[in-house]
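Participant: Take a look at final03.cif, mmCIF, C-alpha atoms:
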```cif
data_upload
loop_
_atom_site.label_atom_id
_atom_site.label_comp_id
_atom_site.auth_asym_id
_atom_site.auth_seq_id
_atom_site.Cartn_x
_atom_site.Cartn_y
_atom_site.Cartn_z
CA MET Z 1 213.10 -78.16 8.02
CA ARG Z 2 214.98 -76.12 10.56
CA GLU Z 3 218.39 -74.64 9.85
CA ARG Z 4 221.29 -76.52 11.37
CA LEU Z 5 223.08 -74.75 14.18
CA GLN Z 6 226.82 -74.11 13.94
CA ALA Z 7 229.04 -74.39 16.99
CA TYR Z 8 232.52 -74.19 18.47
CA LEU Z 9 233.56 -76.93 20.89
CA LEU Z 10 235.34 -75.80 24.07
CA ALA Z 11 237.19 -78.15 26.38
CA VAL Z 12 239.60 -78.13 29.29
CA GLU Z 13 242.13 -80.96 29.25
CA VAL Z 14 243.04 -81.94 32.79
CA GLN Z 15 245.72 -84.47 33.72
CA GLU Z 16 243.46 -87.03 35.39
CA ARG Z 17 241.41 -87.52 32.18
CA PRO Z 18 243.68 -89.61 29.95
CA ASN Z 19 241.00 -90.30 27.32
CA PHE Z 20 240.57 -86.68 26.34
CA ALA Z 21 240.83 -87.26 22.57
CA SER Z 22 238.07 -89.87 22.56
CA GLU Z 23 235.93 -87.60 24.78
CA MET Z 24 236.21 -84.85 22.19
CA GLU Z 25 235.27 -87.23 19.38
CA GLU Z 26 232.26 -88.29 21.38
CA LEU Z 27 231.29 -84.65 22.03
CA ARG Z 28 231.48 -84.01 18.30
CA GLY Z 29 229.27 -87.07 17.71
CA LEU Z 30 226.74 -85.83 20.26
CA ALA Z 31 226.64 -82.43 18.55
CA GLU Z 32 226.18 -83.95 15.10
CA ALA Z 33 223.43 -86.23 16.42
CA CYS Z 34 221.66 -83.04 17.57
CA ASP Z 35 221.93 -81.56 14.04
CA ILE Z 36 224.75 -79.21 15.02
CA ASP Z 37 227.70 -78.60 12.67
CA VAL Z 38 231.01 -78.30 14.51
CA ILE Z 39 233.13 -75.67 12.76
CA GLU Z 40 235.99 -75.25 15.23
CA VAL Z 41 237.47 -76.89 18.35
CA TRP Z 42 239.20 -74.97 21.14
CA THR Z 43 241.04 -76.81 23.93
CA GLN Z 44 243.25 -75.70 26.80
CA LYS Z 45 245.38 -77.63 29.29
CA LEU Z 46 244.60 -76.57 32.85
CA ASP Z 47 244.75 -78.16 36.29
CA TYR Z 48 240.96 -77.67 36.47
CA PRO Z 49 238.31 -75.62 34.63
CA HIS Z 50 238.14 -71.97 35.72
CA ARG Z 51 235.29 -71.66 38.21
CA THR Z 52 233.65 -68.61 36.58
CA HIS Z 53 234.60 -68.62 32.89
CA TYR Z 54 235.64 -72.26 32.30
CA LEU Z 55 238.62 -71.43 30.05
CA GLY Z 56 241.50 -69.20 31.05
CA ALA Z 57 240.97 -65.47 30.46
CA GLY Z 58 243.47 -65.31 27.57
CA LYS Z 59 242.04 -68.32 25.75
CA LEU Z 60 238.53 -66.96 26.23
CA LYS Z 61 239.52 -63.71 24.48
CA GLU Z 62 240.89 -65.73 21.56
CA VAL Z 63 237.61 -67.58 21.22
CA ALA Z 64 235.64 -64.32 21.42
CA SER Z 65 237.79 -62.76 18.65
CA SER Z 66 237.33 -65.81 16.43
CA LEU Z 67 233.56 -65.77 16.95
CA ALA Z 68 233.39 -62.08 16.08
CA ALA Z 69 235.44 -62.63 12.92
CA THR Z 70 233.37 -65.62 11.82
CA GLY Z 71 230.04 -63.86 12.20
CA GLY Z 72 226.57 -65.40 12.04
CA GLU Z 73 224.70 -67.30 14.72
CA ILE Z 74 227.22 -69.62 16.35
CA ALA Z 75 226.92 -71.39 19.70
CA VAL Z 76 229.68 -72.73 21.89
CA ILE Z 77 229.50 -76.17 23.50
CA ALA Z 78 231.57 -77.03 26.58
CA ASN Z 79 232.78 -80.57 27.16
CA ASP Z 80 231.84 -80.38 30.85
CA GLU Z 81 228.65 -79.68 32.77
CA LEU Z 82 228.71 -75.92 33.41
CA THR Z 83 227.65 -74.13 36.57
CA PRO Z 84 225.11 -71.27 36.40
CA SER Z 85 227.87 -68.69 36.91
CA GLN Z 86 229.97 -70.22 34.11
CA ILE Z 87 226.98 -70.03 31.75
CA ARG Z 88 226.36 -66.37 32.64
CA THR Z 89 230.02 -65.38 32.27
CA LEU Z 90 230.60 -67.23 29.01
CA GLU Z 91 227.47 -65.78 27.42
CA ALA Z 92 228.44 -62.27 28.51
CA GLU Z 93 232.02 -62.62 27.21
CA LEU Z 94 231.25 -64.48 23.98
CA GLU Z 95 227.86 -62.90 23.21
CA CYS Z 96 226.38 -66.18 21.99
CA ARG Z 97 224.46 -69.19 23.18
CA VAL Z 98 226.34 -71.47 25.54
CA LEU Z 99 225.55 -75.18 25.81
CA ASP Z 100 227.30 -77.98 27.64
CA ARG Z 101 227.73 -81.74 27.36
CA THR Z 102 224.75 -82.44 29.61
CA MET Z 103 222.46 -80.23 27.50
CA LEU Z 104 223.44 -82.17 24.38
CA ILE Z 105 222.76 -85.56 25.96
CA LEU Z 106 219.43 -84.36 27.35
CA GLU Z 107 218.49 -83.01 23.92
CA LEU Z 108 219.44 -86.27 22.26
CA PHE Z 109 217.43 -88.29 24.78
CA ALA Z 110 214.46 -85.99 24.23
CA SER Z 111 214.59 -86.51 20.46
CA ARG Z 112 214.88 -90.31 20.80
CA ALA Z 113 212.21 -90.93 23.48
CA ARG Z 114 209.18 -92.73 22.04
CA THR Z 115 207.18 -94.23 24.89
CA ARG Z 116 205.38 -92.10 27.46
CA GLU Z 117 207.60 -93.48 30.22
CA ALA Z 118 210.82 -92.53 28.42
CA GLN Z 119 209.44 -89.08 27.56
CA LEU Z 120 208.54 -88.44 31.19
CA GLN Z 121 211.95 -89.58 32.41
CA VAL Z 122 213.76 -87.29 29.97
CA ARG Z 123 211.48 -84.34 30.72
CA ILE Z 124 212.01 -84.70 34.47
CA ALA Z 125 215.78 -84.84 33.94
CA GLU Z 126 215.63 -81.69 31.78
CA LEU Z 127 213.67 -79.76 34.41
CA GLN Z 128 215.94 -80.93 37.23
CA TYR Z 129 218.93 -79.77 35.20
CA ARG Z 130 217.36 -76.39 34.47
CA LEU Z 131 216.13 -75.70 38.00
CA PRO Z 132 219.40 -74.42 39.53
CA ARG Z 133 220.31 -72.71 36.25
CA LEU Z 134 217.26 -70.50 35.74
CA ALA Z 135 219.22 -67.28 36.20
CA GLY Z 136 222.08 -68.42 33.98
CA LEU Z 137 219.81 -69.66 31.21
CA ARG Z 138 217.27 -66.81 31.27
CA GLU Z 139 219.16 -64.43 29.02
CA SER Z 140 220.26 -67.17 26.62
CA LEU Z 141 216.78 -68.49 26.03
CA GLY Z 142 215.32 -65.02 25.77
CA ARG Z 143 217.83 -64.31 23.01
CA GLN Z 144 217.27 -67.55 21.11
CA GLY Z 145 213.53 -67.02 20.56
CA GLY Z 146 212.38 -69.92 18.40
CA GLY Z 147 215.96 -71.15 18.12
CA SER Z 148 216.91 -74.73 17.44
CA GLY Z 149 215.07 -75.89 20.54
CA LEU Z 150 218.07 -77.28 22.42
CA ILE Z 151 216.96 -78.22 25.94
CA ASN Z 152 213.56 -76.58 25.32
CA ARG Z 153 212.22 -78.25 22.21
CA GLY Z 154 208.48 -78.80 22.50
CA SER Z 155 208.29 -77.19 25.91
CA GLY Z 156 206.14 -74.14 25.26
CA GLU Z 157 204.60 -74.41 28.70
CA THR Z 158 208.01 -74.22 30.41
CA LYS Z 159 209.63 -71.14 28.94
CA LEU Z 160 212.20 -69.46 31.09
CA GLU Z 161 209.80 -66.97 32.70
CA LEU Z 162 208.42 -69.88 34.72
CA ASP Z 163 209.53 -69.58 38.30
CA ARG Z 164 211.02 -72.28 40.49
CA ARG Z 165 207.67 -73.14 42.07
CA LYS Z 166 206.00 -73.89 38.75
CA ILE Z 167 208.86 -76.09 37.61
CA LEU Z 168 208.80 -78.01 40.89
CA ALA Z 169 205.03 -78.51 40.48
CA GLN Z 170 205.61 -79.86 36.98
CA ILE Z 171 208.26 -82.27 38.23
CA ASP Z 172 205.91 -83.52 40.98
CA SER Z 173 203.08 -84.03 38.50
CA MET Z 174 205.28 -85.91 36.03
CA GLN Z 175 206.81 -88.07 38.76
CA SER Z 176 203.33 -89.11 39.92
CA GLU Z 177 202.43 -90.19 36.39
CA LEU Z 178 205.78 -91.93 36.00
CA GLU Z 179 205.32 -93.86 39.26
CA LYS Z 180 202.07 -95.35 37.93
CA LEU Z 181 203.80 -96.51 34.74
CA VAL Z 182 206.73 -97.91 36.73
CA HIS Z 183 204.34 -99.78 39.06
CA ARG Z 184 202.62 -101.37 36.06
CA ARG Z 185 205.98 -102.57 34.72
CA GLN Z 186 207.00 -103.89 38.16
CA VAL Z 187 203.79 -105.96 38.29
CA GLN Z 188 204.60 -107.40 34.87
CA ARG Z 189 208.14 -108.19 36.03
CA LYS Z 190 206.88 -110.01 39.13
CA GLN Z 191 204.51 -112.07 36.99
CA ARG Z 192 207.43 -113.13 34.80
CA GLN Z 193 209.48 -114.04 37.87
CA LYS Z 194 206.59 -116.12 39.24
CA ARG Z 195 206.58 -118.17 36.06
CA GLY Z 196 210.27 -118.88 36.61
CA VAL Z 197 211.38 -117.74 33.17
CA PRO Z 198 215.08 -116.75 33.11
CA VAL Z 199 215.78 -113.12 32.19
CA VAL Z 200 218.81 -112.08 30.14
CA ALA Z 201 219.62 -108.36 29.80
CA LEU Z 202 221.60 -106.72 27.02
CA VAL Z 203 223.86 -103.95 28.33
CA GLY Z 204 226.65 -101.87 26.85
CA TYR Z 205 227.80 -98.57 25.47
CA THR Z 206 225.48 -96.64 23.21
CA ASN Z 207 225.57 -97.81 19.59
CA ALA Z 208 227.40 -101.05 20.44
CA GLY Z 209 224.73 -103.10 18.65
CA LYS Z 210 222.44 -104.31 21.45
CA SER Z 211 219.23 -103.83 19.47
CA SER Z 212 220.83 -105.40 16.38
CA LEU Z 213 221.79 -108.43 18.48
CA LEU Z 214 218.25 -108.75 19.84
CA ASN Z 215 216.88 -108.59 16.29
CA ALA Z 216 219.40 -111.22 15.15
CA LEU Z 217 218.14 -113.56 17.90
CA LEU Z 218 214.55 -112.98 16.81
CA ARG Z 219 215.41 -113.63 13.16
CA ARG Z 220 217.17 -116.87 14.07
CA TYR Z 221 214.61 -118.31 16.50
CA GLN Z 222 211.35 -116.48 15.66
CA PRO Z 223 211.65 -115.73 11.94
CA GLU Z 224 207.90 -115.06 11.70
CA SER Z 225 208.01 -112.54 14.55
CA ASP Z 226 206.94 -108.96 13.95
CA LYS Z 227 208.46 -107.82 17.24
CA GLN Z 228 211.85 -106.61 16.08
CA VAL Z 229 213.05 -103.41 17.74
CA MET Z 230 214.43 -100.27 16.11
CA ALA Z 231 218.16 -100.61 15.45
CA LYS Z 232 219.99 -97.72 13.82
CA ASP Z 233 223.62 -96.64 13.60
CA MET Z 234 223.16 -93.64 15.89
CA LEU Z 235 223.66 -92.65 19.51
CA PHE Z 236 220.84 -93.57 21.92
CA ALA Z 237 218.58 -95.23 19.35
CA THR Z 238 217.06 -97.18 22.26
CA LEU Z 239 215.71 -95.39 25.33
CA GLU Z 240 212.93 -97.69 26.48
CA THR Z 241 213.36 -101.24 27.71
CA SER Z 242 212.06 -103.85 25.25
CA VAL Z 243 211.38 -107.40 26.46
CA ARG Z 244 211.18 -110.30 24.00
CA ARG Z 245 210.72 -114.04 24.48
CA ILE Z 246 213.23 -116.29 22.73
CA GLU Z 247 211.94 -119.82 22.24
CA LEU Z 248 214.51 -122.43 21.26
CA PRO Z 249 213.86 -125.49 19.07
CA ASP Z 250 213.66 -127.77 22.12
CA ARG Z 251 210.94 -125.53 23.64
CA GLN Z 252 213.25 -124.08 26.25
CA HIS Z 253 212.91 -120.33 26.42
CA PHE Z 254 214.15 -117.18 28.12
CA LEU Z 255 213.29 -113.48 28.11
CA ILE Z 256 215.77 -110.96 26.77
CA THR Z 257 215.65 -107.23 27.51
CA ASP Z 258 217.18 -104.43 25.46
CA THR Z 259 218.15 -101.41 27.57
CA VAL Z 260 219.35 -97.84 27.10
CA GLY Z 261 223.02 -97.59 26.18
CA PHE Z 262 225.60 -95.93 28.39
CA VAL Z 263 227.98 -93.09 27.60
CA SER Z 264 231.00 -91.64 29.39
CA ARG Z 265 230.04 -89.16 32.10
CA LEU Z 266 226.32 -89.85 31.67
CA PRO Z 267 224.59 -86.95 33.47
CA HIS Z 268 223.49 -87.96 36.96
CA HIS Z 269 220.06 -86.43 36.22
CA LEU Z 270 219.58 -89.09 33.54
CA VAL Z 271 220.94 -91.97 35.60
CA LYS Z 272 218.51 -90.98 38.35
CA ALA Z 273 215.60 -90.49 35.92
CA PHE Z 274 216.17 -93.84 34.19
CA ARG Z 275 216.90 -95.77 37.36
CA SER Z 276 213.42 -97.32 37.36
CA THR Z 277 213.95 -98.55 33.79
CA LEU Z 278 217.46 -99.77 34.53
CA GLU Z 279 216.22 -101.72 37.56
CA GLU Z 280 215.44 -104.43 35.01
CA LEU Z 281 219.19 -105.05 34.94
CA THR Z 282 219.53 -105.63 38.66
CA GLU Z 283 216.99 -108.47 38.57
CA ALA Z 284 218.33 -110.24 35.49
CA ASP Z 285 219.80 -113.74 35.73
CA LEU Z 286 222.51 -112.95 33.19
CA LEU Z 287 223.93 -109.83 31.52
CA ILE Z 288 225.13 -109.86 27.92
CA HIS Z 289 227.66 -107.01 27.79
CA VAL Z 290 227.68 -106.02 24.10
CA VAL Z 291 230.91 -104.38 22.97
CA ASP Z 292 231.60 -102.56 19.69
CA TYR Z 293 234.82 -104.43 18.92
CA ALA Z 294 235.42 -102.32 15.79
CA ASN Z 295 235.62 -99.13 17.87
CA PRO Z 296 239.24 -98.29 18.76
CA GLU Z 297 238.01 -97.02 22.14
CA HIS Z 298 236.12 -100.20 23.00
CA GLU Z 299 238.21 -100.96 26.11
CA GLN Z 300 237.36 -97.57 27.59
CA GLN Z 301 233.69 -98.12 26.71
CA VAL Z 302 233.76 -101.47 28.53
CA GLU Z 303 235.05 -99.69 31.66
CA VAL Z 304 232.32 -97.02 31.43
CA THR Z 305 229.67 -99.74 31.24
CA ARG Z 306 231.17 -101.63 34.18
CA ALA Z 307 231.24 -98.42 36.26
CA THR Z 308 227.60 -97.68 35.44
CA LEU Z 309 226.57 -101.24 36.36
CA ARG Z 310 228.35 -100.82 39.70
CA GLU Z 311 226.47 -97.56 40.28
CA LEU Z 312 223.19 -99.38 39.60
CA GLY Z 313 224.08 -102.24 41.93
CA ALA Z 314 224.23 -104.85 39.16
CA GLU Z 315 227.90 -105.84 39.47
CA HIS Z 316 227.04 -109.17 41.15
CA ILE Z 317 225.17 -110.57 38.12
CA PRO Z 318 227.05 -113.05 35.87
CA VAL Z 319 228.23 -111.53 32.58
CA VAL Z 320 228.90 -112.83 29.08
CA TYR Z 321 230.90 -110.44 26.89
CA ALA Z 322 229.65 -110.29 23.30
CA TYR Z 323 232.28 -108.57 21.16
CA ASN Z 324 230.07 -107.43 18.30
CA LYS Z 325 231.01 -106.10 14.83
CA ALA Z 326 233.85 -108.63 14.61
CA ASP Z 327 233.38 -108.55 10.83
CA GLN Z 328 234.39 -104.88 10.81
CA ALA Z 329 237.24 -105.46 13.27
CA GLY Z 330 238.90 -107.98 10.95
CA THR Z 331 239.04 -110.76 13.55
CA THR Z 332 238.04 -114.42 13.33
CA TYR Z 333 234.44 -115.04 14.30
CA PRO Z 334 232.50 -116.68 15.71
CA GLN Z 335 234.88 -117.78 18.43
CA ILE Z 336 234.50 -118.30 22.18
CA GLU Z 337 237.08 -117.65 24.90
CA GLU Z 338 235.75 -118.50 28.38
CA ASP Z 339 233.05 -115.87 29.08
CA THR Z 340 233.66 -113.95 25.83
CA ILE Z 341 232.28 -114.49 22.34
CA TYR Z 342 233.27 -112.69 19.13
CA LEU Z 343 230.35 -112.35 16.74
CA SER Z 344 228.59 -110.22 14.16
CA ALA Z 345 224.94 -109.39 14.78
CA ARG Z 346 224.69 -107.81 11.33
CA GLN Z 347 225.91 -110.98 9.63
CA GLY Z 348 223.97 -113.25 11.99
CA GLN Z 349 227.19 -115.12 12.82
CA GLY Z 350 227.78 -116.34 16.38
CA ILE Z 351 224.11 -116.22 17.40
CA GLU Z 352 223.76 -119.96 18.03
CA GLU Z 353 227.05 -120.01 19.92
CA LEU Z 354 225.86 -117.12 22.11
CA VAL Z 355 222.62 -118.98 22.84
CA ASP Z 356 224.65 -122.04 23.85
CA MET Z 357 226.49 -119.83 26.37
CA ILE Z 358 223.16 -118.49 27.65
CA ARG Z 359 221.78 -122.04 27.86
CA GLU Z 360 224.74 -123.22 29.97
CA ARG Z 361 224.32 -120.35 32.43
CA VAL Z 362 220.58 -119.86 32.95
CA LEU Z 363 218.63 -122.80 31.51
CA GLU Z 364 218.18 -126.04 33.41
CA PRO Z 365 219.30 -129.08 31.40
CA TYR Z 366 216.31 -131.10 30.21
CA MET Z 367 215.72 -134.61 31.56
CA ALA Z 368 214.42 -137.51 29.49
CA CYS Z 369 211.09 -138.99 30.67
CA ASP Z 370 208.70 -141.78 29.73
CA ILE Z 371 205.38 -141.12 31.45
CA THR Z 372 201.67 -141.92 31.24
CA ILE Z 373 199.16 -139.19 32.07
CA PRO Z 374 195.53 -140.19 32.91
CA TYR Z 375 193.02 -139.00 30.32
CA GLU Z 376 191.23 -136.85 32.90
CA ASP Z 377 194.45 -134.78 33.22
CA GLY Z 378 194.55 -133.71 29.59
CA GLY Z 379 195.65 -130.24 30.68
CA ILE Z 380 199.04 -131.66 31.70
CA VAL Z 381 199.46 -133.20 28.25
CA SER Z 382 198.74 -129.80 26.71
CA TYR Z 383 201.26 -128.18 29.07
CA PHE Z 384 204.04 -130.60 28.11
CA ASN Z 385 203.22 -130.22 24.41
CA GLU Z 386 203.73 -126.48 24.80
CA HIS Z 387 206.65 -126.37 27.24
CA ALA Z 388 208.62 -129.58 26.63
CA LEU Z 389 210.09 -131.46 23.70
CA VAL Z 390 207.73 -134.41 23.06
CA HIS Z 391 209.42 -137.19 21.08
CA GLU Z 392 206.53 -139.69 20.96
CA THR Z 393 202.82 -139.75 21.87
CA ARG Z 394 200.81 -142.96 22.29
CA TYR Z 395 197.24 -143.48 23.53
CA GLU Z 396 196.99 -146.46 25.85
CA PRO Z 397 194.20 -147.79 28.12
CA GLU Z 398 195.64 -146.06 31.20
CA GLY Z 399 196.10 -142.68 29.49
CA THR Z 400 198.37 -140.69 27.18
CA ARG Z 401 201.93 -141.99 27.12
CA LEU Z 402 204.61 -139.41 26.35
CA LYS Z 403 208.30 -139.85 25.72
CA LEU Z 404 209.73 -136.40 26.19
CA SER Z 405 212.51 -134.14 27.41
CA CYS Z 406 211.42 -131.53 29.95
CA ALA Z 407 212.65 -129.16 32.62
CA PRO Z 408 213.20 -130.88 36.02
CA ALA Z 409 210.98 -128.21 37.63
CA ASP Z 410 208.06 -129.15 35.35
CA TYR Z 411 208.65 -132.85 36.06
CA GLU Z 412 208.51 -132.27 39.82
CA ARG Z 413 205.46 -130.01 39.53
CA TYR Z 414 203.30 -132.84 38.11
CA ARG Z 415 205.19 -135.85 39.52
CA ASP Z 416 202.20 -137.11 41.54
CA ARG Z 417 199.83 -136.84 38.55
CA PHE Z 418 201.45 -139.33 36.14
CA THR Z 419 203.01 -142.79 36.05
CA VAL Z 420 206.74 -143.17 35.30
CA HIS Z 421 207.99 -146.07 33.17
#
```
Take the structure from the file and write it as structure tokens.
Facilitator:
Amino acid sequence: MRERLQAYLLAVEVQERPNFASEMEELRGLAEACDIDVIEVWTQKLDYPHRTHYLGAGKLKEVASSLAATGGEIAVIANDELTPSQIRTLEAELECRVLDRTMLILELFASRARTREAQLQVRIAELQYRLPRLAGLRESLGRQGGGSGLINRGSGETKLELDRRKILAQIDSMQSELEKLVHRRQVQRKQRQKRGVPVVALVGYTNAGKSSLLNALLRRYQPESDKQVMAKDMLFATLETSVRRIELPDRQHFLITDTVGFVSRLPHHLVKAFRSTLEELTEADLLIHVVDYANPEHEQQVEVTRATLRELGAEHIPVVYAYNKADQAGTTYPQIEEDTIYLSARQGQGIEELVDMIRERVLEPYMACDITIPYEDGGIVSYFNEHALVHETRYEPEGTRLKLSCAPADYERYRDRFTVH
């Protein structure tokens, strides 16, 4: 077990960032999720971060003195994405490793990625981040040796002595492999669309409870299913898109996708890398925007998610807001207010009400039918038994008579193959 790294947090508070306190809490959470113990926080109010040493010269000297007095191996973590010159200057002045917010998020994504597609996406984002920073990072990574592996864990073949050309070649190779995986998923998506099955996508801030909500739906409607997804109380537990089929008691069904969570100021390298995965959102019929209602910063998190959806081009898709963790927020649940539902995925309360909202928005109302299907068309009988709600089956001289409720599209598809009573 590796030794946990200790770190100071550094941040510049500028006027146009009113949610500075919550940003710092999130930075601390990112550090802790990367097994880093935060031992001190240094902030400074400035009009903008200093272009070469981030903090003001006086504040930087204070930090350097504190580091020297504390002793031991301590890193500093900046709340912003640093430029190569800022990294070089800070490391020279503070004589320690310098990380930034982007490095932490990349590290966290790297530790959470499970599928080959997610691993490739994270690795490409890491290399794209490192490419313009080779000079600034060279000394730091030479000093860290084995280190804690931040931004370089498991990357023995890409140590800092690699030149720009080799890194670009690696990126090209990984992108070629990624394109093949993306193409395979696009084929699967087109097949689903051909079958006309509605797609519902879960979106929201990281750790809002999207995976827990998906699992609650599976427990309610497919209790025998072994296809539950990993759901843990941690940042970025989900990095790969999971698709599950939810079949309702009346045989109506829809597909639901669980996607990577968002975070404030998500590095553009990651948005770009995960764009192929997040394209699932842009082709959904409905978005379920899951909100951690127990989080005091939930309104800000809602805005971050909306901004990310706009960036992805998904702002035109209808949205249902699922205010999750209502049991922890101390509010009445389940309750519905227009396009918003308050529920608790953990308690399994509000799941049926949410499905009713989904049903109203994406599922065609069933129509009642009384039909006779000739015996030679037994395949149609099998289809309706699987995809419709059959109330009564009788075998008559002319064929199989069914009283059922079915989707209008299925009725029209076979209309010329059966007799209507």
Participant: List the neighbours of Val41 (chain Z) out to 7 Å using only C-alpha atoms; skip same-chain residues closer than 6 positions along the sequence, and give me the result as an MDAnalysis selection string.
Facilitator: chainID Z and resid 8:10
Participant: For the provided coordinates, the residues matched by the PyMOL selection byres ((chain Z and resi 335-342) around 6) should be stated as a list in words.
Facilitator: Val320, Tyr321, Ala322, Tyr323, Tyr333, Pro334 and Leu343 of chain Z
Participant: Taking into account only C-alpha atoms, which residue in the set Z:Lys45, Z:Arg394, Z:Lys403, Z:Lys325 is nearest to Met367 (chain Z)?
Facilitator: Z:Lys403
Participant: Taking 4 positions as the minimum chain separation for residues in the same chain, which residues sit within 8 Å of Ala294 (chain Z) when counting all atoms listed in the file? Answer as a PyMOL selection string.
Facilitator: chain Z and resi 298+324-326+328-329
Participant: Would you mind exporting C-alpha atoms of the selected residues as a short mmCIF file (atom, residue, chain, number, x, y, z; two decimals), in the coordinates of the input?
Facilitator:
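Now in out_9.cif:
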```
data_model
loop_
_atom_site.label_atom_id
_atom_site.label_comp_id
_atom_site.auth_asym_id
_atom_site.auth_seq_id
_atom_site.Cartn_x
_atom_site.Cartn_y
_atom_site.Cartn_z
CA HIS Z 298 236.12 -100.20 23.00
CA ASN Z 324 230.07 -107.43 18.30
CA LYS Z 325 231.01 -106.10 14.83
CA ALA Z 326 233.85 -108.63 14.61
CA GLN Z 328 234.39 -104.88 10.81
CA ALA Z 329 237.24 -105.46 13.27
#
```
Participant: Got a sec to resolve the PyMOL selection byres ((chain Z and resi 418) around 12) on this structure and send the residues as JSON, numbers by chain?
Facilitator: {"Z": [369, 370, 371, 372, 373, 374, 375, 376, 377, 378, 380, 381, 398, 399, 400, 401, 402, 411, 412, 413, 414, 415, 416, 417, 419, 420, 421]}
Participant: Of the candidates Z:Phe20, Z:Tyr293, Z:Phe109, Z:Tyr395, which one gets nearest to Ser264 (chain Z) if we count all atoms listed in the file?
Facilitator: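 Answer, going by the shortest atom-to-atom distance: Z:Phe20.
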Participant: Name the residues that the PyMOL selection byres ((chain Z and resi 24) around 12) pulls out of this structure, and write them as an mmCIF file with C-alpha atoms, in the coordinates of the input.
Facilitator:
```cif
data_model
loop_
_atom_site.group_PDB
_atom_site.id
_atom_site.type_symbol
_atom_site.label_atom_id
_atom_site.label_comp_id
_atom_site.auth_asym_id
_atom_site.auth_seq_id
_atom_site.Cartn_x
_atom_site.Cartn_y
_atom_site.Cartn_z
ATOM 1 C CA TYR Z 8 232.520 -74.190 18.470
ATOM 2 C CA LEU Z 9 233.560 -76.930 20.890
ATOM 3 C CA LEU Z 10 235.340 -75.800 24.070
ATOM 4 C CA ALA Z 11 237.190 -78.150 26.380
ATOM 5 C CA VAL Z 12 239.600 -78.130 29.290
ATOM 6 C CA GLU Z 13 242.130 -80.960 29.250
ATOM 7 C CA ARG Z 17 241.410 -87.520 32.180
ATOM 8 C CA PRO Z 18 243.680 -89.610 29.950
ATOM 9 C CA ASN Z 19 241.000 -90.300 27.320
ATOM 10 C CA PHE Z 20 240.570 -86.680 26.340
ATOM 11 C CA ALA Z 21 240.830 -87.260 22.570
ATOM 12 C CA SER Z 22 238.070 -89.870 22.560
ATOM 13 C CA GLU Z 23 235.930 -87.600 24.780
ATOM 14 C CA GLU Z 25 235.270 -87.230 19.380
ATOM 15 C CA GLU Z 26 232.260 -88.290 21.380
ATOM 16 C CA LEU Z 27 231.290 -84.650 22.030
ATOM 17 C CA ARG Z 28 231.480 -84.010 18.300
ATOM 18 C CA GLY Z 29 229.270 -87.070 17.710
ATOM 19 C CA LEU Z 30 226.740 -85.830 20.260
ATOM 20 C CA ALA Z 31 226.640 -82.430 18.550
ATOM 21 C CA VAL Z 38 231.010 -78.300 14.510
ATOM 22 C CA GLU Z 40 235.990 -75.250 15.230
ATOM 23 C CA VAL Z 41 237.470 -76.890 18.350
ATOM 24 C CA TRP Z 42 239.200 -74.970 21.140
ATOM 25 C CA THR Z 43 241.040 -76.810 23.930
ATOM 26 C CA ILE Z 77 229.500 -76.170 23.500
ATOM 27 C CA ALA Z 78 231.570 -77.030 26.580
ATOM 28 C CA ASN Z 79 232.780 -80.570 27.160
ATOM 29 C CA ASP Z 80 231.840 -80.380 30.850
ATOM 30 C CA ARG Z 101 227.730 -81.740 27.360
ATOM 31 C CA SER Z 264 231.000 -91.640 29.390
#
```
Participant: Rounded to one decimal place, report the CA of Val187 (chain Z)-CA of Leu214 (chain Z) distance in Å.
Facilitator: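 Computing it gives 23.6 Å between the two atoms.
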Participant: So what do you get for CA of Glu107 (chain Z) versus CA of Tyr54 (chain Z), distance-wise?
Facilitator: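 CA of Glu107 (chain Z) sits 21.9 Å away from CA of Tyr54 (chain Z).
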Participant: Could you give me, as a list of chain:residue names, the residues within 8 Å of region 90-93 of chain Z, counting all atoms listed in the file and dropping anything in the same chain fewer than 6 positions from it?
Facilitator: Z:His53, Z:Tyr54, Z:Leu60, Z:Ala64, Z:Ser140
Participant: Next, dump the selected residues to file, keeping only C-alpha atoms, as a PDB file, in the frame of the given file.
Facilitator:
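For reference, out.pdb as written:
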```
ATOM      1  CA  HIS Z  53     234.600 -68.620  32.890  1.00  0.00           C
ATOM      2  CA  TYR Z  54     235.640 -72.260  32.300  1.00  0.00           C
ATOM      3  CA  LEU Z  60     238.530 -66.960  26.230  1.00  0.00           C
ATOM      4  CA  ALA Z  64     235.640 -64.320  21.420  1.00  0.00           C
ATOM      5  CA  SER Z 140     220.260 -67.170  26.620  1.00  0.00           C
TER       6      SER Z 140
END
```
Participant: Do you have the CA of Ala314 (chain Z)-CA of Glu283 (chain Z) distance handy?
Facilitator: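 CA of Ala314 (chain Z) sits 8.1 Å away from CA of Glu283 (chain Z).
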Participant: Which residue, Z:Phe254, Z:Tyr205, Z:Tyr366, Z:Tyr221, has the smallest gap to Leu266 (chain Z) when you use all atoms listed in the file?
Facilitator: Z:Tyr205
Participant: Using all atoms listed in the file, which residues sit within 12 Å of Arg220 (chain Z) once same-chain residues fewer than 2 positions away are excluded, as a VMD selection string?
Facilitator: chain Z and resid 213 to 218 222 to 225 228 246 to 249 345 347 to 355
Participant: Please identify all polymer residues within 10 Å of Arg265 (chain Z), counting all atoms listed in the file, omitting same-chain residues fewer than 2 positions from it, and present them as a list in words.
Facilitator: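 The neighbour list is Glu23, Asp80, Glu81, Arg101, Thr102, Phe262, Val263, Pro267, His268, Val304 and Thr308 of chain Z.
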